[in-house]
$ cat work.cif   # mmCIF, C-alpha atoms
data_target
loop_
_atom_site.label_atom_id
_atom_site.label_comp_id
_atom_site.auth_asym_id
_atom_site.auth_seq_id
_atom_site.Cartn_x
_atom_site.Cartn_y
_atom_site.Cartn_z
CA MET A 254 66.01 146.92 20.62
CA ARG A 255 68.80 149.31 19.58
CA GLN A 256 69.15 152.25 21.95
CA LYS A 257 69.83 155.89 21.15
CA ASP A 258 73.23 155.50 22.79
CA ALA A 259 75.62 154.11 20.18
CA GLY A 260 76.44 150.44 20.70
CA TYR A 261 73.84 149.80 23.40
CA PHE A 262 70.80 147.56 23.28
CA ALA A 263 67.77 147.14 25.49
CA LEU A 264 67.61 143.37 25.45
CA ARG A 265 64.00 142.24 25.16
CA LEU A 266 63.09 138.97 26.84
CA HIS A 267 60.47 136.45 25.80
CA LEU A 268 57.58 136.38 28.27
CA VAL A 269 53.97 135.31 27.89
CA GLY A 270 51.13 137.16 29.55
CA GLY A 271 53.50 138.94 31.92
CA GLN A 272 54.13 135.75 33.92
CA ILE A 273 57.63 134.94 35.05
CA ASP A 274 59.12 132.40 37.39
CA ALA A 275 60.51 134.13 40.49
CA ASP A 276 63.90 132.37 40.29
CA LYS A 277 64.27 133.37 36.63
CA MET A 278 63.51 136.96 37.60
CA ILE A 279 66.31 136.84 40.19
CA ARG A 280 68.72 135.51 37.55
CA ILE A 281 67.60 138.22 35.07
CA SER A 282 68.25 140.82 37.79
CA GLU A 283 71.74 139.44 38.40
CA LEU A 284 72.50 139.61 34.67
CA ALA A 285 71.16 143.18 34.49
CA LYS A 286 73.71 144.06 37.17
CA LYS A 287 76.48 142.19 35.38
CA TYR A 288 75.84 143.36 31.80
CA GLY A 289 73.45 146.32 32.06
CA ARG A 290 73.12 149.18 34.51
CA GLY A 291 71.47 147.28 37.30
CA TYR A 292 67.84 147.94 36.46
CA LEU A 293 65.07 146.35 34.39
CA HIS A 294 62.46 147.97 32.20
CA LEU A 295 58.89 146.63 32.35
CA THR A 296 57.54 147.15 28.83
CA THR A 297 54.10 148.37 27.83
CA ARG A 298 53.27 144.82 26.70
CA GLN A 299 54.00 142.97 29.93
CA GLY A 300 57.57 142.24 28.90
CA VAL A 301 60.94 142.72 30.53
CA GLU A 302 63.94 144.40 28.93
CA ILE A 303 67.50 144.70 30.18
CA PRO A 304 68.64 148.18 29.08
CA TYR A 305 72.24 149.24 28.38
CA VAL A 306 73.71 145.95 27.22
CA TYR A 307 76.80 146.80 25.15
CA ILE A 308 76.91 145.19 21.70
CA ASP A 309 80.07 143.23 22.52
CA ASN A 310 78.25 141.59 25.47
CA VAL A 311 75.05 140.60 23.67
CA ASP A 312 76.15 137.06 22.83
CA ALA A 313 77.48 136.46 26.34
CA ILE A 314 74.31 137.63 28.10
CA LYS A 315 72.12 135.71 25.67
CA LYS A 316 74.05 132.56 26.52
CA GLU A 317 73.73 133.13 30.25
CA LEU A 318 70.02 133.87 29.86
CA ALA A 319 69.56 130.70 27.81
CA ASP A 320 71.33 128.71 30.53
CA ALA A 321 68.71 130.06 32.96
CA GLY A 322 65.89 129.08 30.58
CA VAL A 323 65.17 132.64 29.43
CA GLU A 324 64.88 133.40 25.74
CA THR A 325 65.17 136.78 24.09
CA GLY A 326 62.16 138.41 22.43
CA VAL A 327 61.30 139.42 18.87
CA CYS A 328 60.55 142.66 17.08
CA GLY A 329 59.75 143.42 13.43
CA PRO A 330 56.94 142.17 11.15
CA ARG A 331 55.87 139.08 13.03
CA VAL A 332 53.72 137.79 15.91
CA ARG A 333 54.81 139.68 19.00
CA THR A 334 54.56 139.15 22.74
CA VAL A 335 51.16 137.72 23.68
CA ILE A 336 49.61 139.70 26.50
CA ALA A 337 47.00 138.36 28.89
CA CYS A 338 45.21 139.11 32.11
CA GLN A 339 45.30 136.43 34.78
CA GLY A 340 41.87 135.11 33.82
CA GLU A 341 39.74 132.45 35.43
CA SER A 342 42.47 130.87 37.55
CA VAL A 343 43.05 134.06 39.60
CA CYS A 344 40.40 136.70 38.88
CA PRO A 345 36.85 136.30 40.24
CA ARG A 346 35.48 137.83 37.01
CA GLY A 347 37.49 135.62 34.64
CA MET A 348 35.68 133.11 32.43
CA ILE A 349 38.54 131.57 30.46
CA GLU A 350 42.03 130.30 31.32
CA CYS A 351 43.90 133.24 29.80
CA GLU A 352 47.40 132.08 30.67
CA ASP A 353 46.79 128.71 29.10
CA ILE A 354 45.38 130.21 25.88
CA ALA A 355 48.19 132.79 25.75
CA GLU A 356 50.84 130.09 26.14
CA LYS A 357 49.29 128.02 23.35
CA ILE A 358 49.18 131.08 21.06
CA ASP A 359 52.80 131.80 21.92
CA GLU A 360 53.88 128.23 21.35
CA LYS A 361 52.18 128.02 17.95
CA TYR A 362 52.70 131.49 16.51
CA TYR A 363 55.34 133.54 18.37
CA GLY A 364 57.68 135.06 15.78
CA LYS A 365 55.52 133.95 12.84
CA GLU A 366 56.26 136.16 9.82
CA LEU A 367 53.39 138.36 8.64
CA PRO A 368 53.11 141.56 6.54
CA HIS A 369 53.53 143.71 9.67
CA LYS A 370 53.78 143.32 13.43
CA PHE A 371 50.90 141.30 14.84
CA LYS A 372 49.73 141.45 18.44
CA PHE A 373 47.55 139.07 20.41
CA ALA A 374 45.78 139.85 23.69
CA VAL A 375 43.79 137.44 25.85
CA THR A 376 41.37 138.74 28.45
CA GLY A 377 39.08 136.89 30.82
CA CYS A 378 35.85 138.85 30.59
CA PRO A 379 34.22 141.92 29.01
CA ALA A 380 35.94 144.17 31.57
CA GLY A 381 38.76 143.66 29.05
CA CYS A 382 41.78 144.52 31.22
CA ALA A 383 44.13 143.11 28.54
CA LYS A 384 42.49 145.48 26.01
CA PRO A 385 41.50 143.00 23.28
CA GLU A 386 40.03 145.77 21.11
CA GLU A 387 43.47 147.38 20.72
CA ASN A 388 45.18 144.28 19.35
CA ASP A 389 45.38 142.62 15.92
CA ILE A 390 43.61 139.65 17.50
CA GLY A 391 41.93 139.97 20.88
CA VAL A 392 40.27 137.11 22.72
CA GLN A 393 37.70 137.66 25.47
CA GLY A 394 36.00 135.19 27.77
CA VAL A 395 32.20 135.41 27.74
CA ILE A 396 29.09 133.75 29.12
CA GLN A 397 25.76 133.96 27.37
CA PRO A 398 23.25 133.60 30.21
CA ARG A 399 19.90 131.81 30.35
CA TYR A 400 17.29 132.33 33.06
CA GLU A 401 15.57 129.40 34.76
CA GLY A 402 13.32 130.87 37.40
CA ALA A 403 12.02 127.87 39.37
CA ASP A 404 14.05 128.73 42.50
CA CYS A 405 14.11 132.51 41.96
CA SER A 406 13.56 134.61 45.08
CA PHE A 407 13.23 137.81 43.01
CA CYS A 408 15.89 139.40 45.18
CA GLY A 409 16.96 141.74 42.40
CA LEU A 410 20.68 141.09 42.72
CA CYS A 411 21.06 140.20 39.02
CA LYS A 412 19.46 143.51 38.06
CA GLU A 413 21.87 145.36 40.34
CA VAL A 414 25.03 143.65 39.10
CA CYS A 415 24.13 143.85 35.39
CA TYR A 416 26.47 146.44 33.87
CA SER A 417 24.36 146.69 30.73
CA GLY A 418 21.02 147.38 32.38
CA ALA A 419 19.62 144.40 30.48
CA ILE A 420 17.70 142.84 33.37
CA GLU A 421 14.38 144.06 34.68
CA ILE A 422 12.16 142.67 37.42
CA THR A 423 8.50 143.50 37.09
CA GLN A 424 6.04 144.33 39.89
CA ASP A 425 4.42 140.92 39.48
CA ASP A 426 7.75 139.07 39.88
CA LYS A 427 8.81 138.42 36.34
CA VAL A 428 12.50 138.55 35.44
CA LEU A 429 13.01 139.96 31.96
CA CYS A 430 16.29 140.18 30.06
CA ASP A 431 16.91 142.24 26.94
CA PHE A 432 19.60 140.06 25.37
CA THR A 433 20.35 142.72 22.75
CA LYS A 434 21.83 144.80 25.61
CA CYS A 435 23.66 141.88 27.29
CA ASN A 436 27.47 142.06 26.95
CA ASN A 437 27.96 138.48 28.13
CA CYS A 438 29.96 139.46 31.22
CA GLY A 439 28.47 136.62 33.29
CA GLU A 440 27.94 138.73 36.41
CA CYS A 441 24.34 137.52 36.74
CA VAL A 442 25.48 133.88 36.56
CA LYS A 443 28.25 134.43 39.11
CA SER A 444 26.13 136.48 41.53
CA CYS A 445 22.71 134.79 41.60
CA PRO A 446 22.23 133.33 45.10
CA MET A 447 19.80 130.72 43.77
CA ASP A 448 21.75 129.82 40.60
CA CYS A 449 18.81 130.77 38.40
CA TRP A 450 21.09 132.28 35.78
CA LYS A 451 22.84 129.47 33.91
CA PRO A 452 25.54 129.65 31.27
CA GLU A 453 23.76 128.92 27.98
CA LYS A 454 27.09 129.31 26.19
CA LYS A 455 30.55 129.78 27.70
CA GLY A 456 33.48 130.56 25.48
CA TYR A 457 35.32 133.19 23.50
CA ILE A 458 34.60 136.34 21.55
CA VAL A 459 37.30 137.36 19.07
CA PHE A 460 38.24 140.91 18.07
CA VAL A 461 40.20 141.57 14.88
CA GLY A 462 42.14 144.47 13.44
CA GLY A 463 42.62 146.65 16.51
CA LYS A 464 45.68 148.83 16.98
CA MET A 465 46.86 151.93 18.75
CA GLY A 466 49.81 154.06 17.67
CA LYS A 467 49.78 156.89 15.16
CA LYS A 468 46.42 155.92 13.70
CA PRO A 469 44.42 154.06 16.33
CA ARG A 470 41.73 151.68 15.13
CA PHE A 471 39.19 149.95 17.35
CA ALA A 472 38.86 146.25 16.50
CA ASN A 473 35.88 144.59 14.81
CA GLN A 474 34.13 142.05 17.01
CA LEU A 475 33.44 138.79 15.19
CA PRO A 476 29.68 138.27 15.47
CA PHE A 477 29.65 134.88 17.18
CA ILE A 478 30.66 133.14 20.39
CA ILE A 479 33.21 130.34 19.92
CA GLU A 480 32.75 127.51 22.42
CA ASP A 481 35.45 125.16 21.23
CA GLU A 482 39.18 125.79 21.66
CA ASP A 483 40.10 124.07 18.39
CA GLU A 484 37.64 126.31 16.58
CA LEU A 485 39.23 129.34 18.30
CA PHE A 486 42.65 128.38 16.93
CA ARG A 487 41.15 127.69 13.51
CA VAL A 488 39.83 131.28 13.51
CA PHE A 489 43.30 132.59 14.47
CA GLU A 490 44.95 130.66 11.66
CA LYS A 491 42.43 131.63 9.00
CA THR A 492 42.67 135.27 10.12
CA MET A 493 46.46 135.23 9.80
CA ASP A 494 46.19 133.41 6.42
CA PHE A 495 43.85 136.19 5.27
CA PHE A 496 46.39 138.80 6.38
CA THR A 497 49.25 136.99 4.63
CA GLU A 498 47.19 136.84 1.44
CA HIS A 499 45.80 140.38 1.42
CA GLY A 500 48.12 142.47 3.60
CA LEU A 501 50.67 144.79 2.02
CA THR A 502 54.20 144.99 3.40
CA ARG A 503 54.23 147.18 6.52
CA GLU A 504 50.44 147.47 6.56
CA ARG A 505 48.78 146.73 9.90
CA PHE A 506 45.95 144.22 9.84
CA GLY A 507 43.27 146.81 10.67
CA SER A 508 44.30 148.85 7.62
CA THR A 509 44.13 145.72 5.48
CA LEU A 510 40.58 145.13 6.70
CA ASP A 511 39.63 148.73 5.89
CA ARG A 512 41.14 148.48 2.42
CA VAL A 513 40.01 144.96 1.47
CA GLY A 514 36.77 144.85 3.49
CA TYR A 515 35.94 143.31 6.85
CA ASP A 516 33.07 141.44 5.19
CA LYS A 517 35.62 139.56 3.09
CA LEU A 518 37.30 138.29 6.24
CA LEU A 519 33.92 137.19 7.62
CA SER A 520 33.04 135.22 4.51
CA TYR A 521 36.57 133.74 4.41
CA LEU A 522 36.17 132.60 8.04
CA LYS A 523 32.84 131.00 7.12
CA GLY A 524 34.60 128.94 4.48
CA GLY A 525 34.27 131.25 1.47
CA GLU A 526 37.07 132.59 -0.66
CA MET B 79 13.11 142.54 56.55
CA SER B 80 15.32 141.17 59.28
CA GLU B 81 12.18 140.23 61.24
CA GLU B 82 11.72 137.37 58.79
CA TYR B 83 15.04 135.89 59.93
CA SER B 84 16.63 135.51 63.32
CA VAL B 85 19.70 137.66 62.70
CA ASP B 86 22.75 136.79 64.82
CA LYS B 87 24.99 139.66 63.75
CA LYS B 88 24.64 142.88 61.79
CA ILE B 89 27.27 144.94 60.01
CA ASP B 90 27.09 148.17 58.04
CA ILE B 91 29.71 148.54 55.28
CA THR B 92 28.17 151.57 53.58
CA THR B 93 31.12 153.79 54.54
CA ASP B 94 33.79 151.28 53.43
CA VAL B 95 35.46 150.91 50.05
CA CYS B 96 36.69 147.88 48.12
CA PRO B 97 38.36 145.61 49.18
CA PHE B 98 37.49 146.38 52.81
CA THR B 99 33.79 145.91 52.10
CA PHE B 100 34.31 142.19 51.59
CA VAL B 101 37.08 141.99 54.20
CA LYS B 102 34.67 143.28 56.86
CA ALA B 103 31.96 140.90 55.68
CA LYS B 104 34.42 138.01 55.87
CA ILE B 105 35.59 138.96 59.38
CA ALA B 106 31.96 139.15 60.50
CA LEU B 107 31.25 135.74 58.99
CA ASP B 108 34.33 134.29 60.70
CA ALA B 109 33.01 135.54 64.04
CA ILE B 110 29.70 133.64 63.86
CA GLN B 111 28.85 129.94 63.92
CA SER B 112 27.90 127.74 60.99
CA GLY B 113 24.19 128.21 60.29
CA ASP B 114 24.09 131.66 61.93
CA ILE B 115 22.60 134.60 60.06
CA LEU B 116 24.50 137.79 59.22
CA GLU B 117 22.78 140.94 58.00
CA ILE B 118 24.96 143.23 55.90
CA THR B 119 23.96 146.77 54.96
CA LEU B 120 25.79 147.92 51.83
CA ASN B 121 25.73 150.41 48.97
CA LYS B 122 24.54 149.96 45.44
CA GLY B 123 27.36 149.87 42.89
CA GLU B 124 30.84 148.67 43.78
CA ALA B 125 29.87 146.89 47.00
CA MET B 126 26.81 145.21 45.44
CA GLN B 127 28.89 144.19 42.41
CA ASN B 128 31.50 142.43 44.52
CA VAL B 129 30.37 141.46 48.01
CA PRO B 130 27.45 139.11 47.24
CA ARG B 131 29.44 137.25 44.59
CA SER B 132 32.44 136.85 46.90
CA ILE B 133 30.16 135.57 49.68
CA LYS B 134 28.64 133.06 47.25
CA ASP B 135 32.14 132.02 46.09
CA GLU B 136 33.04 131.21 49.72
CA GLY B 137 30.07 128.86 49.94
CA HIS B 138 27.70 130.87 52.14
CA THR B 139 24.03 131.17 51.27
CA ILE B 140 22.46 134.50 50.46
CA LEU B 141 18.90 134.20 51.74
CA LYS B 142 17.59 137.60 50.80
CA VAL B 143 18.56 140.82 49.08
CA LYS B 144 16.44 143.93 49.53
CA GLU B 145 16.77 147.62 48.75
CA ILE B 146 15.95 149.21 52.10
CA GLU B 147 16.31 152.78 50.93
CA GLU B 148 17.42 154.51 47.73
CA GLY B 149 20.86 153.06 46.87
CA ILE B 150 21.25 151.03 50.09
CA PHE B 151 20.72 147.29 50.26
CA SER B 152 20.37 144.72 52.98
CA LEU B 153 21.82 141.26 52.48
CA ILE B 154 20.80 138.32 54.66
CA VAL B 155 23.52 135.66 54.67
CA LYS B 156 23.57 132.23 56.26
CA LYS B 157 27.05 131.02 57.18
CA VAL B 158 28.07 127.73 55.61
#
$ encode --input "work.cif" --output "structure tokens"
Amino acid sequence: MRQKDAGYFALRLHLVGGQIDADKMIRISELAKKYGRGYLHLTTRQGVEIPYVYIDNVDAIKKELADAGVETGVCGPRVRTVIACQGESVCPRGMIECEDIAEKIDEKYYGKELPHKFKFAVTGCPAGCAKPEENDIGVQGVIQPRYEGADCSFCGLCKEVCYSGAIEITQDDKVLCDFTKCNNCGECVKSCPMDCWKPEKKGYIVFVGGKMGKKPRFANQLPFIIEDEDELFRVFEKTMDFFTEHGLTRERFGSTLDRVGYDKLLSYLKGGE
Amino acid sequence: MSEEYSVDKKIDITTDVCPFTFVKAKIALDAIQSGDILEITLNKGEAMQNVPRSIKDEGHTILKVKEIEEGIFSLIVKKV
């Protein structure tokens, strides 16, 4: 990124989901001392930039970064840095392997040319720490629960942990769930001491067309749970194909959906034209 | 409720905040023997959202959960 100061660049590095090898970070720090002003900037999208690299040094630092296995990032009208929370492997609430999904998205689509910048976010559960609703495509891990009461002790824990107030326990020991309120966060499944709440479906919900900036737009949530990873990537690809076909130059995807119609995307995803 | 179980240790974490709620529960569990019963008194909300699930994740058995007064719960846990 070109800086205000003539001739200087904040050199953006290519990271995925804010994860970086500790040794690479040490090397990046050394190069920030050598070519920059001895500090790093942590970007708003989990990236790292080396500010104050003079234009004459850009090729040299890029070479030294490449030698350390660090690539530089992209800007402009293409798929940008994929952000992610730490997901199932680290977070007790996580229901999908966010880092793994983010890396696959990055591997397949990073830098892909589209009508405007295009941002992916991957988050492990409906707490949504990676803010999937603010991105062009957001992925969220979900569990659709099912109740099997044979071993139920009617302790009421599921009712207490349910963020949506969907679960009710009656005086005569019946556990009722209003699935129209359920946000698929999986807390009942994770908390139940007797394992009476089972995952009926475990997978992904996809949000499309979100953005912040000058005209924020909250994403549309695709009205289905995707259980299969291949199907998830098929939805990504069809969504980007739709954007390539209908998006105007420098029009964000959410604006395309508003102009062309979100319903058109839905029917296109279902196999229509 | 504790009369139903022979409780070996009791802790009250109603004045603690996350993550010390679970930390205190874990320390209490570490101090008892396998098969012993711990009774934890805790608040509705944050503590109830996190402590029982963390206890379950560590392999202990939650035998009973009961609201003993408005907004305060008792958890009976058997150490794994």
$ resolve_selection --input "work.cif" --expression "the PyMOL selection byres ((chain A) within 7 of (chain B))" --output "ChimeraX atom specification"
/A:408-410,414,443-444,446
$ write_last_selection --input "work.cif" --atoms "C-alpha atoms" --output "PDB file, in the coordinates of the input"
ATOM      1  CA  CYS A 408      15.890 139.400  45.180  1.00  0.00           C
ATOM      2  CA  GLY A 409      16.960 141.740  42.400  1.00  0.00           C
ATOM      3  CA  LEU A 410      20.680 141.090  42.720  1.00  0.00           C
ATOM      4  CA  VAL A 414      25.030 143.650  39.100  1.00  0.00           C
ATOM      5  CA  LYS A 443      28.250 134.430  39.110  1.00  0.00           C
ATOM      6  CA  SER A 444      26.130 136.480  41.530  1.00  0.00           C
ATOM      7  CA  PRO A 446      22.230 133.330  45.100  1.00  0.00           C
TER       8      PRO A 446
END
$ closest_residue --input "work.cif" --among "A:Leu268, A:Val461, A:Val428, A:Leu522" --to "A:Gly507" --atoms "all atoms listed in the file"
A:Val461
$ atom_distance --input "work.cif" --atom1 "atom CA of B:Asp94" --atom2 "atom CA of A:Cys441"
23.6 Å
$ atom_distance --input "work.cif" --atom1 "atom CA of B:Lys102" --atom2 "atom CA of A:Cys344"
20.0 Å
$ atom_distance --input "work.cif" --atom1 "atom CA of A:Ala321" --atom2 "atom CA of A:Leu284"
10.4 Å
$ closest_residue --input "work.cif" --among "B:Asp86, B:Phe100, B:Ala109, B:Thr92" --to "B:Ser152" --atoms "only C-alpha atoms"
B:Thr92
$ resolve_selection --input "work.cif" --expression "the PyMOL selection byres ((chain A and resi 495) around 10)" --output "JSON, numbers by chain"
{"A": [489, 490, 491, 492, 493, 494, 496, 497, 498, 499, 500, 506, 509, 510, 517, 518, 521, 522, 526]}
$ write_last_selection --input "work.cif" --atoms "C-alpha atoms" --output "compact mmCIF listing (two decimals), keeping the file's coordinate frame"
# COMPACT_ATOMS: atom_id res chain seq x y z
CA PHE A 489 43.30 132.59 14.47
CA GLU A 490 44.95 130.66 11.66
CA LYS A 491 42.43 131.63 9.00
CA THR A 492 42.67 135.27 10.12
CA MET A 493 46.46 135.23 9.80
CA ASP A 494 46.19 133.41 6.42
CA PHE A 496 46.39 138.80 6.38
CA THR A 497 49.25 136.99 4.63
CA GLU A 498 47.19 136.84 1.44
CA HIS A 499 45.80 140.38 1.42
CA GLY A 500 48.12 142.47 3.60
CA PHE A 506 45.95 144.22 9.84
CA THR A 509 44.13 145.72 5.48
CA LEU A 510 40.58 145.13 6.70
CA LYS A 517 35.62 139.56 3.09
CA LEU A 518 37.30 138.29 6.24
CA TYR A 521 36.57 133.74 4.41
CA LEU A 522 36.17 132.60 8.04
CA GLU A 526 37.07 132.59 -0.66
$ residues_around --input "work.cif" --residues "B:Gly137" --least-positions-apart "6" --cutoff "10 Å" --atoms "all atoms listed in the file" --output "PDB file with C-alpha atoms, in the frame of the given file"
ATOM      1  CA  ARG B 131      29.440 137.250  44.590  1.00  0.00           C
ATOM      2  CA  LYS B 156      23.570 132.230  56.260  1.00  0.00           C
ATOM      3  CA  LYS B 157      27.050 131.020  57.180  1.00  0.00           C
ATOM      4  CA  VAL B 158      28.070 127.730  55.610  1.00  0.00           C
TER       5      VAL B 158
END
$ residues_near_point --input "work.cif" --point "(17.3, 147.7, 25.8)" --cutoff "10 Å" --atoms "all atoms listed in the file" --output "PDB file with C-alpha atoms, keeping the file's coordinate frame"
ATOM      1  CA  SER A 417      24.360 146.690  30.730  1.00  0.00           C
ATOM      2  CA  GLY A 418      21.020 147.380  32.380  1.00  0.00           C
ATOM      3  CA  ALA A 419      19.620 144.400  30.480  1.00  0.00           C
ATOM      4  CA  ILE A 420      17.700 142.840  33.370  1.00  0.00           C
ATOM      5  CA  CYS A 430      16.290 140.180  30.060  1.00  0.00           C
ATOM      6  CA  ASP A 431      16.910 142.240  26.940  1.00  0.00           C
ATOM      7  CA  PHE A 432      19.600 140.060  25.370  1.00  0.00           C
ATOM      8  CA  THR A 433      20.350 142.720  22.750  1.00  0.00           C
ATOM      9  CA  LYS A 434      21.830 144.800  25.610  1.00  0.00           C
ATOM     10  CA  CYS A 435      23.660 141.880  27.290  1.00  0.00           C
TER      11      CYS A 435
END
$ closest_residue --input "work.cif" --among "B:Glu136, B:Ile91, B:Lys104, B:Leu120" --to "B:Gly149" --atoms "all atoms listed in the file"
B:Leu120
$ resolve_selection --input "work.cif" --expression "the PyMOL selection byres ((chain A and resi 271) around 9)" --output "short mmCIF file (atom, residue, chain, number, x, y, z; two decimals) with C-alpha atoms, in the frame of the given file"
data_model
loop_
_atom_site.label_atom_id
_atom_site.label_comp_id
_atom_site.auth_asym_id
_atom_site.auth_seq_id
_atom_site.Cartn_x
_atom_site.Cartn_y
_atom_site.Cartn_z
CA LEU A 268 57.58 136.38 28.27
CA VAL A 269 53.97 135.31 27.89
CA GLY A 270 51.13 137.16 29.55
CA GLN A 272 54.13 135.75 33.92
CA ILE A 273 57.63 134.94 35.05
CA ARG A 298 53.27 144.82 26.70
CA GLN A 299 54.00 142.97 29.93
CA GLY A 300 57.57 142.24 28.90
CA VAL A 301 60.94 142.72 30.53
CA VAL A 335 51.16 137.72 23.68
CA ILE A 336 49.61 139.70 26.50
CA ALA A 337 47.00 138.36 28.89
CA CYS A 338 45.21 139.11 32.11
#
$ residues_around --input "work.cif" --residues "stretch 258-265 of chain A" --least-positions-apart "5" --cutoff "9 Å" --atoms "all atoms listed in the file" --output "list in words"
Gly289, His294, Thr296, Gly300, Val301, Glu302, Ile303, Pro304, Tyr305, Val306, Tyr307, Ile308, Asp309, Val311, Lys315, Glu324, Thr325, Gly326, Val327 and Cys328 of chain A
$ residues_around --input "work.cif" --residues "A:Ile478" --least-positions-apart "3" --cutoff "9 Å" --atoms "all atoms listed in the file" --output "ChimeraX atom specification"
/A:395-397,454-459,475
$ axis_aligned_box --input "work.cif" --around "stretch 430-442 of chain A" --padding-each-side "3 Å" --output "JSON"
{"center_x": 23.1, "center_y": 139.3, "center_z": 29.7, "size_x": 19.7, "size_y": 16.9, "size_z": 20.0}
$ closest_residue --input "work.cif" --among "A:Lys523, A:Thr376, A:Pro368, A:Leu501" --to "A:Arg487" --atoms "all atoms listed in the file"
A:Lys523
$ closest_residue --input "work.cif" --among "A:Gly394, A:Thr502, A:Ile349, A:Asp481" --to "A:Gly381" --atoms "only C-alpha atoms"
A:Gly394
$ closest_residue --input "work.cif" --among "A:Gly462, A:Gly347, A:Pro469, A:Gly402" --to "A:Tyr515" --atoms "all atoms listed in the file"
A:Gly462
